[in-house]
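Structure, as C-alpha cells:
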Amino acid sequence: METQGKVITCKAAVAWGAGEALVMEDVKVDPPQRLEVRLRILFTSICHTDLSAWKGENEAQQAYPRILGHEAAGIVESVGEGVEEMKAGDHVLPIFTGECGECRVCKRDGANLCERFRVDPMKKVMVSDGKTRFFTSKDNKPIFHFLNTSTFSEYTVIDSACVLKVDPLFPLEKISLLSCGVSTGVGAAWNVANIQPSSTVAIFGLGAVGLAVAEGARARGASKVIGIDVNPDKFQLGREAGISEFINPKESDKAVHERVREITEGGVEYSFECAGSIEALREAFLSTNSGMGVTVLLGVHASPQLLPIHPMELFQGRSITASVFGGFKPKTQLPFFITQCLQGLVNLDLYISHQLPFHDINEAIQLLNQGKALRCLLRL
C-alpha cells in the first residue's frame with residue numbers, strides 16, 4: 001500500500017481537557033514500529049470507561065491532548081517488524097487488554113491480565129519505546145494514547161498483542177461490540193462467576209454490560225434473573241436479554257437487597273455490579289445468599305472510596321471478585337466466542353441503539369451520558 005512506512009494524516013476526535021467537547025481535527029499517525037500494527041478504524045463506539053475518562057473523573061489518569069476510544073473494529077493498514085500473524089488488509093478487533101502468549105499469566109488457565117500488555121488506564125505511550133505515535137498536524141505536538149487502543153481516530157497504532165485477526169466474513173459493525181462491552185458481560189457470567197443451571201442472578205445496572213450479563217446467565221440456564229436500574233426505559237430491553245423481574249430502587253423505601261432476598265427466598269447465588277456505584281456494590285453483595293453467594297464487580301469506579309464490606313462479612317459464605325474483559329484471553333478464547341455470537345447465542349443487534357457518523361461523536365457521548373443509549377455505533 002502507498003501509505004506503508006509513511007506518516008498518515010487523518011481525522012481524529014481529540015480530548016483537550018476534562019469534560020470538554022472532543023475536537024475533530026487533523027492528526028499525524030506514525031508508522032508502526034516493531035511488533036506494532038497500524039489500523040484503519042471503520043467502526044467505534046463509546047462505553048462507560050471512555051465516558052469516565054472523558055469526564056476526567058480520575059485525576060491520575062488525566063493526560064492531554066489524548067485520543068480516547070477502545071471498542072472498535074477495523075482493517076490492518078500496515079504492520080511493523082516481527083508481526084507475522086496478520087498482514088495489511090486483514091479484518092481485526094483492537095482489544096484494550098492484550099495477550100503476549102509468553103508471560104506466566106498468559107500461560108495460566110483462568111487468568112487473562114497479561115503481564116506486559118494488560119489494561120492500564122495510566123498508559124499514555126507505546127510499550128516498545130515509551131513514545132507516542134500521534135502528533136498534531138499543525139505544530140507536531142505529541143498526542144497521548146488511551147487503553148492500548150485509541151480508536152477515536154481514523155488510523156491508530158496498537159501493539160500486535162492487543163489486535164485480534166477475525167474472519168473477513170464477520171460483520172465488523174456487529175463484532176466491534178465484542179472488543180469490550182458484550183464480551184465483558186457475557187464472560188463475567190461464564191468465565192468468572194461460572195453460573196450454574198437453575199441458579200438465581202441479580203444484575204445492578206442495565207447498560208450494555210449488564211444486559212450482556214443477563215444474556216450470559218440465560219445461556220447458562222439461570223432460573224431467575226433480576227434486573228435493577230433506576231431507568232424503567234431499560235426494562236423492555238432487559239426482557240429481550242432474559243431478565244424476568246425488575247426492581248427500580250426509586251419506587252420503594254425498602255433496600256434493594258431486602259427486595260431481592262424476598263423474591264428469591266434468601267438471596268441470589270450470583271450478583272453483578274455493573275453501575276460503577278459503591279452503594280450498588282454494597283446492595284449487590286448483600287443480595288446474595290448467605291452461604292454461597294458470589295458478587296462480581298464490573299462497573300467503573302472513579303471514586304477513591306474503598307470496598308464497602310467488613311472483613312467479617314466474608315465469613316458468612318459470601319465472596320466478591322472482579323472481572324476484566326469477562327475473563328476472556330483475547331487471542332486464544334475470543335475467536336470461539338465471536339463464532340458463538342454470530343450463531344445467535346447473543347443478540348448483538350440488541351446493543352446498537354444508535355448509529356451516527358464519526359463527526360457526531362460528541363452527540364454520541366451525550367446520549368450515553370444521559371442514559372439514552374446503550375451503544376452508539378460511529379462509522380468512520
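Here, A, B, ... name the chains of the C-alpha cells in the order displayed, residue numbers run from 1 inside each chain, and ligands are numbered from 1 in the same displayed order.
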Requested in this report: Write out as a ChimeraX atom specification each polymer residue whose atoms come within 7 Å of A:Lys329, counting only C-alpha atoms; drop sequence neighbours fewer than 5 positions from it.
Outcome: /A:99,112,334
DSSP strand (DSSP E or B) residues within stretch 291-338 of chain A, as a JSON list (two decimals) with N, CA, C and O atoms, in the first residue's frame:
```json
[["chain", "number", "residue", "atom", "x", "y", "z"],
["A", 294, "VAL", "N", -22.02, -15.20, 45.36],
["A", 294, "VAL", "CA", -20.84, -14.65, 44.68],
["A", 294, "VAL", "C", -21.22, -13.32, 44.05],
["A", 294, "VAL", "O", -22.21, -13.24, 43.32],
["A", 295, "THR", "N", -20.45, -12.28, 44.33],
["A", 295, "THR", "CA", -20.66, -10.96, 43.71],
["A", 295, "THR", "C", -19.50, -10.66, 42.78],
["A", 295, "THR", "O", -18.33, -10.81, 43.16],
["A", 296, "VAL", "N", -19.82, -10.25, 41.56],
["A", 296, "VAL", "CA", -18.80, -9.92, 40.57],
["A", 296, "VAL", "C", -18.89, -8.43, 40.27],
["A", 296, "VAL", "O", -19.94, -7.90, 39.92],
["A", 297, "LEU", "N", -17.77, -7.75, 40.42],
["A", 297, "LEU", "CA", -17.66, -6.31, 40.19],
["A", 297, "LEU", "C", -17.25, -6.05, 38.74],
["A", 297, "LEU", "O", -16.23, -6.55, 38.28],
["A", 319, "SER", "N", -18.77, -14.24, 48.78],
["A", 319, "SER", "CA", -17.46, -13.84, 48.24],
["A", 319, "SER", "C", -17.66, -12.74, 47.22],
["A", 319, "SER", "O", -18.75, -12.54, 46.70],
["A", 320, "ILE", "N", -16.58, -12.04, 46.91],
["A", 320, "ILE", "CA", -16.63, -10.95, 45.95],
["A", 320, "ILE", "C", -15.37, -10.99, 45.10],
["A", 320, "ILE", "O", -14.27, -11.27, 45.59],
["A", 321, "THR", "N", -15.53, -10.74, 43.82],
["A", 321, "THR", "CA", -14.40, -10.71, 42.90],
["A", 321, "THR", "C", -14.69, -9.68, 41.82],
["A", 321, "THR", "O", -15.75, -9.06, 41.81],
["A", 322, "ALA", "N", -13.74, -9.47, 40.93],
["A", 322, "ALA", "CA", -13.92, -8.52, 39.83],
["A", 322, "ALA", "C", -13.58, -9.20, 38.52],
["A", 322, "ALA", "O", -12.93, -10.27, 38.50]]
```
Requested in this report: Go ahead and compute the interatomic distance for atom CA of A:Val186 and atom CA of A:Gly326, in Å to one decimal.
Outcome: 6.6 Å
Requested in this report: Would you return as an NGL selection string the members of stretch 221-345 of chain A that DSSP assigns to helix (DSSP H, G or I) on this structure's backbone?
Outcome: :A and (232-241 or 249-251 or 256-264 or 278-286 or 311-316 or 325-327 or 334-342)
Would you mind exporting the chosen residues as a short mmCIF file (atom, residue, chain, number, x, y, z; two decimals), in the first residue's frame, restricted to N, CA and C atoms?
```cif
data_model
loop_
_atom_site.label_atom_id
_atom_site.label_comp_id
_atom_site.auth_asym_id
_atom_site.auth_seq_id
_atom_site.Cartn_x
_atom_site.Cartn_y
_atom_site.Cartn_z
N PRO A 232 -36.56 3.01 34.12
CA PRO A 232 -37.51 1.97 33.70
C PRO A 232 -37.54 1.75 32.20
N ASP A 233 -37.01 2.68 31.41
CA ASP A 233 -36.99 2.51 29.96
C ASP A 233 -36.12 1.32 29.55
N LYS A 234 -35.24 0.89 30.45
CA LYS A 234 -34.34 -0.22 30.13
C LYS A 234 -34.98 -1.59 30.35
N PHE A 235 -36.15 -1.60 30.96
CA PHE A 235 -36.74 -2.88 31.32
C PHE A 235 -37.18 -3.70 30.11
N GLN A 236 -37.65 -3.04 29.06
CA GLN A 236 -38.06 -3.78 27.87
C GLN A 236 -36.86 -4.47 27.22
N LEU A 237 -35.75 -3.75 27.12
CA LEU A 237 -34.54 -4.37 26.59
C LEU A 237 -34.09 -5.51 27.50
N GLY A 238 -34.27 -5.31 28.80
CA GLY A 238 -33.92 -6.36 29.76
C GLY A 238 -34.69 -7.64 29.51
N ARG A 239 -35.95 -7.51 29.20
CA ARG A 239 -36.77 -8.70 28.91
C ARG A 239 -36.23 -9.44 27.69
N GLU A 240 -35.83 -8.67 26.68
CA GLU A 240 -35.26 -9.30 25.48
C GLU A 240 -33.96 -10.02 25.79
N ALA A 241 -33.23 -9.54 26.81
CA ALA A 241 -31.96 -10.16 27.18
C ALA A 241 -32.13 -11.33 28.14
N PRO A 249 -35.01 1.03 42.21
CA PRO A 249 -34.75 1.46 43.59
C PRO A 249 -35.53 2.70 44.01
N LYS A 250 -35.97 3.50 43.03
CA LYS A 250 -36.70 4.73 43.35
C LYS A 250 -38.16 4.47 43.73
N GLU A 251 -38.64 3.28 43.48
CA GLU A 251 -40.06 3.01 43.67
C GLU A 251 -40.41 2.42 45.02
N VAL A 256 -32.83 -2.42 48.29
CA VAL A 256 -32.91 -3.34 47.15
C VAL A 256 -32.55 -4.76 47.58
N HIS A 257 -31.53 -4.90 48.41
CA HIS A 257 -31.13 -6.26 48.78
C HIS A 257 -32.23 -6.99 49.55
N GLU A 258 -33.03 -6.24 50.30
CA GLU A 258 -34.14 -6.87 51.01
C GLU A 258 -35.18 -7.37 50.02
N ARG A 259 -35.44 -6.59 48.99
CA ARG A 259 -36.42 -7.00 47.99
C ARG A 259 -35.93 -8.21 47.20
N VAL A 260 -34.64 -8.21 46.88
CA VAL A 260 -34.08 -9.36 46.15
C VAL A 260 -34.17 -10.62 47.00
N ARG A 261 -33.87 -10.50 48.27
CA ARG A 261 -33.90 -11.68 49.14
C ARG A 261 -35.33 -12.17 49.37
N GLU A 262 -36.29 -11.26 49.32
CA GLU A 262 -37.69 -11.68 49.40
C GLU A 262 -38.10 -12.46 48.16
N ILE A 263 -37.74 -11.93 46.99
CA ILE A 263 -38.12 -12.57 45.72
C ILE A 263 -37.51 -13.96 45.61
N THR A 264 -36.28 -14.11 46.10
CA THR A 264 -35.55 -15.37 45.92
C THR A 264 -35.54 -16.24 47.18
N ILE A 278 -20.61 2.62 44.48
CA ILE A 278 -20.27 1.96 45.75
C ILE A 278 -21.53 1.48 46.45
N GLU A 279 -22.58 2.30 46.40
CA GLU A 279 -23.84 1.90 47.04
C GLU A 279 -24.43 0.66 46.36
N ALA A 280 -24.39 0.63 45.03
CA ALA A 280 -24.89 -0.53 44.31
C ALA A 280 -24.06 -1.77 44.62
N LEU A 281 -22.75 -1.59 44.77
CA LEU A 281 -21.89 -2.72 45.10
C LEU A 281 -22.26 -3.31 46.45
N ARG A 282 -22.53 -2.45 47.41
CA ARG A 282 -22.93 -2.92 48.74
C ARG A 282 -24.26 -3.69 48.66
N GLU A 283 -25.21 -3.15 47.92
CA GLU A 283 -26.50 -3.81 47.78
C GLU A 283 -26.36 -5.14 47.02
N ALA A 284 -25.49 -5.16 46.02
CA ALA A 284 -25.27 -6.40 45.27
C ALA A 284 -24.70 -7.48 46.17
N PHE A 285 -23.76 -7.11 47.00
CA PHE A 285 -23.14 -8.06 47.93
C PHE A 285 -24.18 -8.62 48.90
N LEU A 286 -25.00 -7.75 49.46
CA LEU A 286 -26.00 -8.19 50.44
C LEU A 286 -27.17 -8.92 49.78
N PRO A 311 -14.48 -7.14 56.72
CA PRO A 311 -13.86 -8.45 56.52
C PRO A 311 -14.65 -9.61 57.12
N MET A 312 -15.30 -9.39 58.26
CA MET A 312 -16.03 -10.47 58.90
C MET A 312 -17.25 -10.90 58.09
N GLU A 313 -17.74 -10.01 57.21
CA GLU A 313 -18.89 -10.38 56.39
C GLU A 313 -18.55 -11.49 55.39
N LEU A 314 -17.28 -11.62 55.07
CA LEU A 314 -16.86 -12.67 54.15
C LEU A 314 -16.92 -14.04 54.80
N PHE A 315 -16.97 -14.08 56.12
CA PHE A 315 -17.08 -15.36 56.82
C PHE A 315 -18.51 -15.90 56.82
N GLN A 316 -19.42 -15.14 56.21
CA GLN A 316 -20.82 -15.58 56.14
C GLN A 316 -21.09 -16.42 54.89
N PHE A 325 -12.62 -7.73 31.10
CA PHE A 325 -12.89 -8.32 29.79
C PHE A 325 -13.53 -9.71 29.92
N GLY A 326 -14.35 -9.87 30.96
CA GLY A 326 -15.07 -11.11 31.14
C GLY A 326 -14.20 -12.33 31.36
N GLY A 327 -12.95 -12.11 31.74
CA GLY A 327 -12.06 -13.24 31.95
C GLY A 327 -11.57 -13.90 30.68
N LEU A 334 -11.32 -15.57 22.59
CA LEU A 334 -12.34 -14.72 22.00
C LEU A 334 -12.82 -15.21 20.63
N PRO A 335 -11.96 -15.78 19.77
CA PRO A 335 -12.45 -16.20 18.45
C PRO A 335 -13.63 -17.16 18.52
N PHE A 336 -13.60 -18.13 19.42
CA PHE A 336 -14.72 -19.06 19.54
C PHE A 336 -15.98 -18.36 20.03
N PHE A 337 -15.81 -17.41 20.95
CA PHE A 337 -16.96 -16.66 21.45
C PHE A 337 -17.59 -15.82 20.34
N ILE A 338 -16.77 -15.24 19.48
CA ILE A 338 -17.30 -14.47 18.35
C ILE A 338 -18.17 -15.37 17.47
N THR A 339 -17.68 -16.57 17.20
CA THR A 339 -18.45 -17.52 16.39
C THR A 339 -19.78 -17.86 17.06
N GLN A 340 -19.75 -18.07 18.38
CA GLN A 340 -20.98 -18.36 19.11
C GLN A 340 -21.99 -17.22 18.99
N CYS A 341 -21.50 -16.00 19.09
CA CYS A 341 -22.39 -14.84 18.99
C CYS A 341 -23.04 -14.76 17.61
N LEU A 342 -22.25 -14.97 16.58
CA LEU A 342 -22.77 -14.87 15.22
C LEU A 342 -23.69 -16.03 14.87
#
```
Requested in this report: Would you list the contacts of A:Cys376 as a list in words, taking every protein, DNA or RNA residue within 9 Å and counting only C-alpha atoms, but skipping same-chain residues closer than 5 positions in sequence?
Outcome: Thr44, Ser45, Ile46, Cys47, Tyr351, Ile352, Ser353, His354, Gln355, Leu356, Ile361, Ala364, Ile365, Leu367 and Leu368 of chain A
Query raised in the report: Within 8 Å of A:Val268, counting only C-alpha atoms, which residues qualify if same-chain residues fewer than 3 places away don't, as a ChimeraX atom specification?
Result: /A:199-202,260-261,264,271,287-289,293
Would you save the residues of that selection, restricted to C-alpha atoms, as a compact mmCIF listing (two decimals), in the first residue's frame?
```txt
# COMPACT_ATOMS: atom_id res chain seq x y z
CA SER A 199 -29.43 -20.65 39.67
CA THR A 200 -30.65 -17.13 40.52
CA VAL A 201 -28.97 -13.90 39.42
CA ALA A 202 -29.25 -10.19 40.24
CA VAL A 260 -34.08 -9.36 46.15
CA ARG A 261 -33.90 -11.68 49.14
CA THR A 264 -35.55 -15.37 45.92
CA SER A 271 -24.93 -10.81 41.73
CA SER A 287 -28.38 -9.50 47.77
CA THR A 288 -26.52 -12.80 47.58
CA ASN A 289 -27.30 -15.89 49.58
CA GLY A 293 -23.32 -16.03 47.23
```
Query raised in the report: atom CA of A:Ile41 and atom CA of A:Gly69, how far apart in Å?
Result: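 Spanning atom CA of A:Gly69 to atom CA of A:Ile41 is a straight-line distance of 10.8 Å.
Atom CA of A:Ser128 is found 19.0 Å from atom CA of A:Cys106.
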Report task. Give me the residues within 9 Å of A:Lys87 as a list in words, counting only C-alpha atoms and dropping any in the same chain fewer than 4 places off. Result ->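 Once the adjacent positions are removed, what remains is Val37, Val76, Glu77, Ser78, Val79 and Val83 of chain A.
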